[in-house]
>>> print(open('query_3.cif').read())   # mmCIF, C-alpha atoms, pLDDT in the B column; chains and numbers go by the auth columns
data_entry
#
loop_
_atom_site.group_PDB
_atom_site.id
_atom_site.type_symbol
_atom_site.label_atom_id
_atom_site.label_comp_id
_atom_site.label_asym_id
_atom_site.label_seq_id
_atom_site.Cartn_x
_atom_site.Cartn_y
_atom_site.Cartn_z
_atom_site.B_iso_or_equiv
_atom_site.auth_seq_id
_atom_site.auth_asym_id
ATOM 1 C CA MET A 1 107.402 87.767 127.933 50.00 1 A
ATOM 2 C CA SER A 2 105.214 88.819 124.990 56.00 2 A
ATOM 3 C CA GLY A 3 103.397 85.473 124.878 72.00 3 A
ATOM 4 C CA ALA A 4 103.464 84.609 128.577 83.00 4 A
ATOM 5 C CA ARG A 5 100.137 84.056 130.304 83.00 5 A
ATOM 6 C CA ASP A 6 98.667 82.493 133.417 81.00 6 A
ATOM 7 C CA ASN A 7 97.564 78.871 133.404 85.00 7 A
ATOM 8 C CA VAL A 8 93.840 79.270 133.998 86.00 8 A
ATOM 9 C CA PHE A 9 90.768 77.378 132.852 85.00 9 A
ATOM 10 C CA PRO A 10 88.926 79.455 130.224 87.00 10 A
ATOM 11 C CA THR A 11 85.636 80.251 131.924 88.00 11 A
ATOM 12 C CA ARG A 12 83.647 83.453 132.193 89.00 12 A
ATOM 13 C CA MET A 13 84.258 83.505 135.954 91.00 13 A
ATOM 14 C CA ASN A 14 88.013 83.432 135.419 89.00 14 A
ATOM 15 C CA LEU A 15 87.614 86.094 132.739 90.00 15 A
ATOM 16 C CA THR A 16 85.874 88.391 135.234 92.00 16 A
ATOM 17 C CA VAL A 17 88.521 87.717 137.898 92.00 17 A
ATOM 18 C CA THR A 18 91.344 88.359 135.419 91.00 18 A
ATOM 19 C CA LYS A 19 89.769 91.623 134.272 92.00 19 A
ATOM 20 C CA THR A 20 89.541 92.687 137.929 93.00 20 A
ATOM 21 C CA ARG A 21 93.239 91.878 138.333 92.00 21 A
ATOM 22 C CA LEU A 22 94.033 93.926 135.235 93.00 22 A
ATOM 23 C CA LYS A 23 92.112 96.889 136.632 94.00 23 A
ATOM 24 C CA GLY A 24 93.990 96.602 139.931 93.00 24 A
ATOM 25 C CA ALA A 25 97.339 96.378 138.140 93.00 25 A
ATOM 26 C CA GLN A 26 96.554 99.469 136.076 93.00 26 A
ATOM 27 C CA THR A 27 95.496 101.389 139.192 94.00 27 A
ATOM 28 C CA GLY A 28 98.650 100.305 141.035 92.00 28 A
ATOM 29 C CA HIS A 29 100.786 101.295 138.056 93.00 29 A
ATOM 30 C CA SER A 30 99.180 104.738 137.983 94.00 30 A
ATOM 31 C CA LEU A 31 99.713 105.263 141.728 93.00 31 A
ATOM 32 C CA LEU A 32 103.315 104.075 141.630 93.00 32 A
ATOM 33 C CA LYS A 33 103.970 106.283 138.616 93.00 33 A
ATOM 34 C CA ARG A 34 102.661 109.316 140.498 93.00 34 A
ATOM 35 C CA LYS A 35 104.707 108.352 143.547 92.00 35 A
ATOM 36 C CA SER A 36 107.840 108.050 141.426 92.00 36 A
ATOM 37 C CA GLU A 37 107.206 111.467 139.873 92.00 37 A
ATOM 38 C CA ALA A 38 106.663 113.066 143.301 91.00 38 A
ATOM 39 C CA LEU A 39 109.813 111.465 144.715 92.00 39 A
ATOM 40 C CA THR A 40 111.818 112.472 141.653 93.00 40 A
ATOM 41 C CA THR A 41 110.665 116.069 142.026 92.00 41 A
ATOM 42 C CA ARG A 42 111.656 116.093 145.689 92.00 42 A
ATOM 43 C CA PHE A 43 114.940 114.381 144.797 93.00 43 A
ATOM 44 C CA ARG A 44 115.830 117.141 142.337 93.00 44 A
ATOM 45 C CA VAL A 45 115.017 119.797 144.920 93.00 45 A
ATOM 46 C CA ILE A 46 117.314 118.071 147.437 92.00 46 A
ATOM 47 C CA VAL A 47 120.086 117.827 144.850 93.00 47 A
ATOM 48 C CA ARG A 48 119.916 121.578 144.255 93.00 48 A
ATOM 49 C CA LYS A 49 119.917 122.220 148.012 92.00 49 A
ATOM 50 C CA ILE A 50 122.936 119.934 148.461 92.00 50 A
ATOM 51 C CA GLU A 51 124.802 121.758 145.733 91.00 51 A
ATOM 52 C CA ASP A 52 124.087 125.142 147.323 91.00 52 A
ATOM 53 C CA ALA A 53 124.925 123.834 150.806 90.00 53 A
ATOM 54 C CA LYS A 54 128.279 122.476 149.670 88.00 54 A
ATOM 55 C CA LEU A 55 129.174 125.771 148.045 88.00 55 A
ATOM 56 C CA LYS A 56 128.263 127.635 151.234 88.00 56 A
ATOM 57 C CA MET A 57 130.026 125.018 153.333 86.00 57 A
ATOM 58 C CA GLY A 58 133.305 125.702 151.614 85.00 58 A
ATOM 59 C CA LYS A 59 133.126 129.409 152.374 86.00 59 A
ATOM 60 C CA VAL A 60 131.989 128.863 155.982 86.00 60 A
ATOM 61 C CA MET A 61 134.787 126.368 156.707 85.00 61 A
ATOM 62 C CA GLN A 62 137.301 128.704 155.140 85.00 62 A
ATOM 63 C CA ASN A 63 136.191 131.555 157.423 85.00 63 A
ATOM 64 C CA ALA A 64 136.209 129.198 160.439 84.00 64 A
ATOM 65 C CA SER A 65 139.781 128.083 159.689 84.00 65 A
ATOM 66 C CA PHE A 66 140.979 131.655 159.339 83.00 66 A
ATOM 67 C CA SER A 67 139.248 132.614 162.609 83.00 67 A
ATOM 68 C CA LEU A 68 140.877 129.721 164.446 79.00 68 A
ATOM 69 C CA ALA A 69 144.254 130.700 163.014 83.00 69 A
ATOM 70 C CA GLU A 70 143.741 134.266 164.250 80.00 70 A
ATOM 71 C CA VAL A 71 142.846 132.998 167.749 77.00 71 A
ATOM 72 C CA ALA A 72 145.895 130.749 167.806 77.00 72 A
ATOM 73 C CA TYR A 73 148.055 133.704 166.734 74.00 73 A
ATOM 74 C CA ILE A 74 146.634 136.042 169.377 73.00 74 A
ATOM 75 C CA THR A 75 146.093 133.802 172.390 72.00 75 A
ATOM 76 C CA GLY A 76 148.023 130.653 171.611 69.00 76 A
ATOM 77 C CA ASP A 77 146.620 127.187 172.301 70.00 77 A
ATOM 78 C CA ILE A 78 143.228 127.467 174.071 68.00 78 A
ATOM 79 C CA SER A 79 142.142 123.854 173.760 69.00 79 A
ATOM 80 C CA TYR A 80 142.793 123.124 177.456 66.00 80 A
ATOM 81 C CA GLN A 81 140.719 126.163 178.480 68.00 81 A
ATOM 82 C CA VAL A 82 137.830 124.986 176.317 67.00 82 A
ATOM 83 C CA ARG A 83 137.974 121.490 177.834 67.00 83 A
ATOM 84 C CA GLU A 84 137.973 122.907 181.360 67.00 84 A
ATOM 85 C CA SER A 85 135.076 125.279 180.651 67.00 85 A
ATOM 86 C CA ALA A 86 132.860 122.674 178.958 67.00 86 A
ATOM 87 C CA LYS A 87 130.324 121.292 181.432 72.00 87 A
ATOM 88 C CA SER A 88 127.449 120.267 179.156 72.00 88 A
ATOM 89 C CA ALA A 89 126.710 120.395 175.455 73.00 89 A
ATOM 90 C CA THR A 90 125.667 123.789 174.145 75.00 90 A
ATOM 91 C CA PHE A 91 124.998 122.475 170.631 79.00 91 A
ATOM 92 C CA LYS A 92 122.579 119.587 170.208 83.00 92 A
ATOM 93 C CA VAL A 93 121.080 117.883 167.208 86.00 93 A
ATOM 94 C CA GLY A 94 117.434 116.845 167.113 86.00 94 A
ATOM 95 C CA ALA A 95 115.898 114.406 164.664 86.00 95 A
ATOM 96 C CA LYS A 96 112.417 114.222 163.149 88.00 96 A
ATOM 97 C CA GLN A 97 110.785 112.462 160.243 88.00 97 A
ATOM 98 C CA GLU A 98 109.121 113.911 157.167 87.00 98 A
ATOM 99 C CA ASN A 99 106.612 111.950 155.104 88.00 99 A
ATOM 100 C CA VAL A 100 107.068 112.321 151.345 85.00 100 A
ATOM 101 C CA SER A 101 104.629 110.153 149.356 82.00 101 A
ATOM 102 C CA GLY A 102 104.752 107.424 151.982 85.00 102 A
ATOM 103 C CA VAL A 103 108.545 107.586 152.409 87.00 103 A
ATOM 104 C CA MET A 104 109.807 108.662 155.835 89.00 104 A
ATOM 105 C CA LEU A 105 112.801 110.967 155.427 88.00 105 A
ATOM 106 C CA PRO A 106 114.886 111.876 158.502 87.00 106 A
ATOM 107 C CA ALA A 107 115.496 115.575 159.119 87.00 107 A
ATOM 108 C CA PHE A 108 118.078 116.877 161.595 87.00 108 A
ATOM 109 C CA GLU A 109 117.663 120.140 163.488 86.00 109 A
ATOM 110 C CA SER A 110 120.304 122.201 165.271 84.00 110 A
ATOM 111 C CA GLN A 111 119.590 123.257 168.865 82.00 111 A
ATOM 112 C CA VAL A 112 121.978 125.916 170.196 78.00 112 A
ATOM 113 C CA GLN A 113 121.975 127.118 173.824 72.00 113 A
ATOM 114 C CA ALA A 114 121.070 130.809 173.580 62.00 114 A
ATOM 115 C CA SER A 115 121.967 132.108 177.059 49.00 115 A
ATOM 116 C CA GLY A 116 124.269 131.172 179.922 49.00 116 A
ATOM 117 C CA SER A 117 127.245 130.399 177.726 53.00 117 A
ATOM 118 C CA GLN A 118 130.031 128.472 179.418 52.00 118 A
ATOM 119 C CA PHE A 119 132.753 130.222 177.393 53.00 119 A
ATOM 120 C CA GLU A 120 132.067 133.869 178.261 57.00 120 A
ATOM 121 C CA LEU A 121 135.224 134.101 180.393 51.00 121 A
ATOM 122 C CA THR A 122 137.454 132.189 178.003 53.00 122 A
ATOM 123 C CA GLY A 123 140.211 134.454 176.684 50.00 123 A
ATOM 124 C CA LEU A 124 139.402 137.164 179.181 49.00 124 A
ATOM 125 C CA GLY A 125 143.066 138.152 179.383 50.00 125 A
ATOM 126 C CA ARG A 126 143.552 138.516 175.620 54.00 126 A
ATOM 127 C CA GLY A 127 141.754 137.580 172.493 57.00 127 A
ATOM 128 C CA GLY A 128 138.362 137.127 174.112 64.00 128 A
ATOM 129 C CA GLN A 129 136.499 138.931 171.343 74.00 129 A
ATOM 130 C CA GLN A 130 138.220 136.910 168.687 76.00 130 A
ATOM 131 C CA ILE A 131 137.434 133.674 170.544 74.00 131 A
ATOM 132 C CA GLN A 132 133.708 134.527 170.675 77.00 132 A
ATOM 133 C CA LYS A 133 133.783 135.386 166.999 81.00 133 A
ATOM 134 C CA THR A 134 135.462 132.062 166.207 81.00 134 A
ATOM 135 C CA ARG A 135 132.881 130.246 168.321 79.00 135 A
ATOM 136 C CA ALA A 136 130.018 131.879 166.400 82.00 136 A
ATOM 137 C CA VAL A 137 131.648 131.005 163.087 86.00 137 A
ATOM 138 C CA TYR A 138 132.113 127.375 164.097 85.00 138 A
ATOM 139 C CA ILE A 139 128.505 127.173 165.351 84.00 139 A
ATOM 140 C CA LYS A 140 127.393 128.315 161.920 87.00 140 A
ATOM 141 C CA ALA A 141 129.717 125.754 160.311 89.00 141 A
ATOM 142 C CA VAL A 142 128.297 122.932 162.454 88.00 142 A
ATOM 143 C CA GLU A 143 124.755 124.049 161.582 88.00 143 A
ATOM 144 C CA MET A 144 125.690 123.847 157.928 89.00 144 A
ATOM 145 C CA LEU A 145 127.114 120.363 158.524 90.00 145 A
ATOM 146 C CA VAL A 146 123.892 119.242 160.205 90.00 146 A
ATOM 147 C CA GLU A 147 121.816 120.611 157.318 90.00 147 A
ATOM 148 C CA LEU A 148 124.112 118.956 154.791 91.00 148 A
ATOM 149 C CA ALA A 149 123.939 115.652 156.688 91.00 149 A
ATOM 150 C CA SER A 150 120.129 115.830 156.650 91.00 150 A
ATOM 151 C CA LEU A 151 120.099 116.507 152.925 92.00 151 A
ATOM 152 C CA GLN A 152 122.629 113.773 152.192 92.00 152 A
ATOM 153 C CA THR A 153 120.655 111.224 154.210 92.00 153 A
ATOM 154 C CA ALA A 154 117.435 112.151 152.410 92.00 154 A
ATOM 155 C CA PHE A 155 119.327 111.985 149.108 93.00 155 A
ATOM 156 C CA VAL A 156 120.520 108.412 149.732 93.00 156 A
ATOM 157 C CA ILE A 157 117.106 107.200 150.930 93.00 157 A
ATOM 158 C CA LEU A 158 115.249 108.813 148.031 93.00 158 A
ATOM 159 C CA ASP A 159 117.719 107.402 145.543 93.00 159 A
ATOM 160 C CA GLU A 160 117.076 103.851 146.747 94.00 160 A
ATOM 161 C CA VAL A 161 113.300 104.337 146.976 93.00 161 A
ATOM 162 C CA ILE A 162 113.105 105.867 143.498 94.00 162 A
ATOM 163 C CA LYS A 163 115.070 102.948 142.027 94.00 163 A
ATOM 164 C CA LEU A 164 112.796 100.455 143.777 94.00 164 A
ATOM 165 C CA THR A 165 109.643 102.306 142.704 93.00 165 A
ATOM 166 C CA ASN A 166 110.815 102.527 139.093 94.00 166 A
ATOM 167 C CA ARG A 167 111.570 98.802 139.083 94.00 167 A
ATOM 168 C CA ARG A 168 108.065 98.115 140.317 93.00 168 A
ATOM 169 C CA VAL A 169 106.559 100.455 137.737 94.00 169 A
ATOM 170 C CA ASN A 170 108.519 98.782 134.939 94.00 170 A
ATOM 171 C CA ALA A 171 107.633 95.304 136.218 94.00 171 A
ATOM 172 C CA ILE A 172 103.924 96.151 136.255 93.00 172 A
ATOM 173 C CA GLU A 173 104.046 97.910 132.895 92.00 173 A
ATOM 174 C CA TYR A 174 106.169 95.419 130.960 92.00 174 A
ATOM 175 C CA VAL A 175 105.560 92.094 132.749 92.00 175 A
ATOM 176 C CA ILE A 176 102.405 91.933 134.832 92.00 176 A
ATOM 177 C CA ILE A 177 99.987 93.924 132.654 93.00 177 A
ATOM 178 C CA PRO A 178 101.031 92.186 129.376 92.00 178 A
ATOM 179 C CA ARG A 179 100.786 88.804 131.104 93.00 179 A
ATOM 180 C CA ILE A 180 97.260 89.553 132.333 93.00 180 A
ATOM 181 C CA GLU A 181 96.262 90.932 128.916 92.00 181 A
ATOM 182 C CA ASN A 182 97.572 87.757 127.247 92.00 182 A
ATOM 183 C CA THR A 183 95.556 85.698 129.710 93.00 183 A
ATOM 184 C CA ILE A 184 92.409 87.700 128.903 92.00 184 A
ATOM 185 C CA SER A 185 93.040 87.274 125.177 92.00 185 A
ATOM 186 C CA TYR A 186 93.506 83.527 125.648 91.00 186 A
ATOM 187 C CA ILE A 187 90.276 83.201 127.653 91.00 187 A
ATOM 188 C CA ASN A 188 88.354 85.285 125.088 92.00 188 A
ATOM 189 C CA SER A 189 89.682 83.198 122.210 91.00 189 A
ATOM 190 C CA GLU A 190 88.769 79.960 123.973 90.00 190 A
ATOM 191 C CA LEU A 191 85.293 81.244 124.839 90.00 191 A
ATOM 192 C CA ASP A 192 84.799 82.366 121.233 91.00 192 A
ATOM 193 C CA GLU A 193 85.857 78.929 120.058 90.00 193 A
ATOM 194 C CA LEU A 194 83.378 77.326 122.448 89.00 194 A
ATOM 195 C CA ASP A 195 80.661 79.670 121.180 89.00 195 A
ATOM 196 C CA ARG A 196 81.455 78.731 117.585 90.00 196 A
ATOM 197 C CA GLU A 197 81.346 75.050 118.469 90.00 197 A
ATOM 198 C CA GLU A 198 78.022 75.539 120.232 89.00 198 A
ATOM 199 C CA PHE A 199 76.641 77.477 117.265 89.00 199 A
ATOM 200 C CA TYR A 200 77.781 74.743 114.867 90.00 200 A
ATOM 201 C CA ARG A 201 76.237 72.067 117.099 90.00 201 A
ATOM 202 C CA LEU A 202 72.925 73.925 117.289 91.00 202 A
ATOM 203 C CA LYS A 203 73.002 74.469 113.536 90.00 203 A
ATOM 204 C CA LYS A 204 73.560 70.767 112.921 90.00 204 A
ATOM 205 C CA ILE A 205 70.737 69.890 115.334 91.00 205 A
ATOM 206 C CA GLN A 206 68.434 72.345 113.574 89.00 206 A
ATOM 207 C CA GLY A 207 69.409 70.872 110.216 88.00 207 A
ATOM 208 C CA LYS A 208 68.648 67.357 111.473 89.00 208 A
ATOM 209 C CA LYS A 209 65.266 68.505 112.768 90.00 209 A
ATOM 210 C CA LYS A 210 64.447 70.140 109.433 89.00 210 A
ATOM 211 C CA GLU A 211 65.520 66.966 107.594 88.00 211 A
ATOM 212 C CA ARG A 212 63.325 64.815 109.820 89.00 212 A
ATOM 213 C CA ALA A 213 60.412 67.208 109.374 88.00 213 A
ATOM 214 C CA ALA A 214 60.882 67.131 105.576 88.00 214 A
ATOM 215 C CA ASN A 215 60.995 63.313 105.590 88.00 215 A
ATOM 216 C CA ALA A 216 57.860 63.183 107.711 87.00 216 A
ATOM 217 C CA GLN A 217 56.122 65.612 105.347 87.00 217 A
ATOM 218 C CA ARG A 218 57.079 63.549 102.314 86.00 218 A
ATOM 219 C CA GLU A 219 55.805 60.413 104.031 86.00 219 A
ATOM 220 C CA LEU A 220 52.512 62.103 104.761 87.00 220 A
ATOM 221 C CA GLU A 221 52.213 63.270 101.176 85.00 221 A
ATOM 222 C CA ARG A 222 52.968 59.777 99.914 84.00 222 A
ATOM 223 C CA LYS A 223 50.306 58.283 102.169 84.00 223 A
ATOM 224 C CA ALA A 224 47.836 60.972 101.140 84.00 224 A
ATOM 225 C CA ALA A 225 48.534 60.189 97.503 84.00 225 A
ATOM 226 C CA GLU A 226 47.755 56.475 98.051 80.00 226 A
ATOM 227 C CA MET A 227 44.409 57.035 99.852 73.00 227 A
ATOM 228 C CA PRO A 228 42.195 57.954 96.727 59.00 228 A
ATOM 229 C CA VAL A 229 43.146 54.700 94.942 51.00 229 A
ATOM 230 C CA VAL A 230 41.875 52.625 97.832 48.00 230 A
ATOM 231 C CA ALA A 231 38.638 54.646 97.913 48.00 231 A
ATOM 232 C CA ASP A 232 38.012 54.019 94.172 52.00 232 A
ATOM 233 C CA ASP A 233 38.435 50.293 94.654 54.00 233 A
ATOM 234 C CA ASN A 234 35.894 50.342 97.447 54.00 234 A
ATOM 235 C CA ASP A 235 33.426 52.278 95.239 56.00 235 A
ATOM 236 C CA ASN A 236 33.767 49.734 92.457 57.00 236 A
ATOM 237 C CA ASP A 237 33.125 46.911 94.897 56.00 237 A
ATOM 238 C CA ASP A 238 29.971 48.648 96.107 56.00 238 A
ATOM 239 C CA GLU A 239 28.692 49.087 92.569 55.00 239 A
ATOM 240 C CA HIS A 240 29.256 45.419 91.764 53.00 240 A
ATOM 241 C CA GLY A 241 27.565 44.420 94.958 53.00 241 A
ATOM 242 C CA ALA A 242 24.527 46.540 94.163 50.00 242 A
ATOM 243 C CA ALA A 243 24.235 45.035 90.693 48.00 243 A
ATOM 244 C CA GLY A 244 24.424 41.527 91.991 50.00 244 A
ATOM 245 C CA SER A 245 21.847 42.185 94.647 50.00 245 A
ATOM 246 C CA SER A 246 19.355 43.379 92.011 51.00 246 A
ATOM 247 C CA ASP A 247 19.419 39.964 90.305 54.00 247 A
ATOM 248 C CA THR A 248 19.088 37.941 93.464 57.00 248 A
ATOM 249 C CA PRO A 249 15.504 37.581 94.809 56.00 249 A
ATOM 250 C CA ASN A 250 14.725 38.747 98.276 57.00 250 A
ATOM 251 C CA ILE A 251 13.165 35.949 100.226 56.00 251 A
ATOM 252 C CA LEU A 252 11.927 38.284 102.913 55.00 252 A
ATOM 253 C CA SER A 253 9.845 40.400 100.602 55.00 253 A
ATOM 254 C CA GLU A 254 6.088 39.776 100.280 54.00 254 A
ATOM 255 C CA GLN A 255 5.415 37.716 97.231 55.00 255 A
ATOM 256 C CA ASN A 256 3.369 34.713 96.260 58.00 256 A
ATOM 257 C CA ASP A 257 5.282 31.516 96.594 56.00 257 A
ATOM 258 C CA SER A 258 4.323 28.306 94.749 58.00 258 A
ATOM 259 C CA ASP A 259 2.744 25.546 96.711 54.00 259 A
ATOM 260 C CA ILE A 260 4.903 22.781 97.866 54.00 260 A
ATOM 261 C CA ILE A 261 3.381 19.248 98.020 55.00 261 A
ATOM 262 C CA PHE A 262 5.001 16.751 100.190 43.00 262 A
#
>>> encode(input="query_3.cif", output="structure tokens")
Amino acid sequence: MSGARDNVFPTRMNLTVTKTRLKGAQTGHSLLKRKSEALTTRFRVIVRKIEDAKLKMGKVMQNASFSLAEVAYITGDISYQVRESAKSATFKVGAKQENVSGVMLPAFESQVQASGSQFELTGLGRGGQQIQKTRAVYIKAVEMLVELASLQTAFVILDEVIKLTNRRVNAIEYVIIPRIENTISYINSELDELDREEFYRLKKIQGKKKERAANAQRELERKAAEMPVVADDNDNDDEHGAAGSSDTPNILSEQNDSDIIF
């Protein structure tokens, strides 16, 4: 792609348009580069949060499993009591969107019913305190799952967007901008060649004009050199004419003529 260029006619108008395209490509490259850096920074933050959340998740699930085992040991199977007591959901998940450099990332929120619990009487005979403790532990575990799901979803979306943005940045940097620069170089070289041809043409025209002017000057000098010779000939003719006229009598002058007898 080092020598690739657009097929354009080399004119100054196309040169201006191509330079405008180059400026737009450079601006777009700068913006996409900043976007990629911002997304990468947010991506690294999410990766650290995911790592911490997974470490916490292991401990929380371990405590939840132990609590459930304690309940099962104290009260036996309470699954049927939980199903009978459940009327409506006490744990809900809400969703919202967060804008990060033009990328909409989903974020999940946990919504827990604070009062009016449906399981206050569960395990009233035995193990009620342990059941409530297990419920609190599992609520915390589900909250951790919701947070981890939000982070994982953002992680996947950002990973795809960062790859796409980097591909665009590389395409602009290594394909589009060099292609436009090659086109500008081609137009400049062609315009320079046209300028050189025009300069050579004007130089030849000027040389022809100077040659014609020199020929005309030489012709004038030649004619000027011939003019005195003609004038000398005319002077000599006048002198001869004057001499001849002095010998010839003037019949109009007053003089005594001899008598003529018929």
>>> atom_distance(input="query_3.cif", atom1="CA of Asp6 in chain A", atom2="CA of Thr183 in chain A")
5.8 Å
>>> atom_distance(input="query_3.cif", atom1="CA of Lys133 in chain A", atom2="CA of Ser150 in chain A")
26.0 Å
>>> resolve_selection(input="query_3.cif", expression="the PyMOL selection byres ((chain A and resi 105) around 9)", output="VMD selection string")
chain A and resid 96 to 100 103 to 104 106 to 107 150 153 to 154 157 to 158
>>> closest_residue(input="query_3.cif", among="A:Ile50, A:Ile177, A:Ala95, A:Leu68", to="Leu148 in chain A", atoms="all atoms listed in the file")
A:Ile50
>>> atom_distance(input="query_3.cif", atom1="CA of Ala136 in chain A", atom2="CA of Glu51 in chain A")
23.6 Å
>>> residues_near_point(input="query_3.cif", point="(135.6, 123.5, 162.4)", cutoff="12 Å", atoms="all atoms listed in the file", output="PDB file with C-alpha atoms, keeping the file's coordinate frame")
ATOM      1  CA  MET A  57     130.026 125.018 153.333  1.00 86.00           C
ATOM      2  CA  GLY A  58     133.305 125.702 151.614  1.00 85.00           C
ATOM      3  CA  LYS A  59     133.126 129.409 152.374  1.00 86.00           C
ATOM      4  CA  VAL A  60     131.989 128.863 155.982  1.00 86.00           C
ATOM      5  CA  MET A  61     134.787 126.368 156.707  1.00 85.00           C
ATOM      6  CA  GLN A  62     137.301 128.704 155.140  1.00 85.00           C
ATOM      7  CA  ASN A  63     136.191 131.555 157.423  1.00 85.00           C
ATOM      8  CA  ALA A  64     136.209 129.198 160.439  1.00 84.00           C
ATOM      9  CA  SER A  65     139.781 128.083 159.689  1.00 84.00           C
ATOM     10  CA  PHE A  66     140.979 131.655 159.339  1.00 83.00           C
ATOM     11  CA  SER A  67     139.248 132.614 162.609  1.00 83.00           C
ATOM     12  CA  LEU A  68     140.877 129.721 164.446  1.00 79.00           C
ATOM     13  CA  ALA A  69     144.254 130.700 163.014  1.00 83.00           C
ATOM     14  CA  THR A 134     135.462 132.062 166.207  1.00 81.00           C
ATOM     15  CA  ARG A 135     132.881 130.246 168.321  1.00 79.00           C
ATOM     16  CA  ALA A 136     130.018 131.879 166.400  1.00 82.00           C
ATOM     17  CA  VAL A 137     131.648 131.005 163.087  1.00 86.00           C
ATOM     18  CA  TYR A 138     132.113 127.375 164.097  1.00 85.00           C
ATOM     19  CA  ILE A 139     128.505 127.173 165.351  1.00 84.00           C
ATOM     20  CA  LYS A 140     127.393 128.315 161.920  1.00 87.00           C
ATOM     21  CA  ALA A 141     129.717 125.754 160.311  1.00 89.00           C
ATOM     22  CA  VAL A 142     128.297 122.932 162.454  1.00 88.00           C
ATOM     23  CA  GLU A 143     124.755 124.049 161.582  1.00 88.00           C
ATOM     24  CA  MET A 144     125.690 123.847 157.928  1.00 89.00           C
ATOM     25  CA  LEU A 145     127.114 120.363 158.524  1.00 90.00           C
TER      26      LEU A 145
END
>>> resolve_selection(input="query_3.cif", expression="the PyMOL selection byres ((chain A and resi 14-19) around 8)", output="list of chain:residue names")
A:Val8, A:Phe9, A:Pro10, A:Thr11, A:Arg12, A:Met13, A:Thr20, A:Arg21, A:Leu22, A:Lys23, A:Ile180, A:Thr183, A:Ile184, A:Ile187, A:Asn188
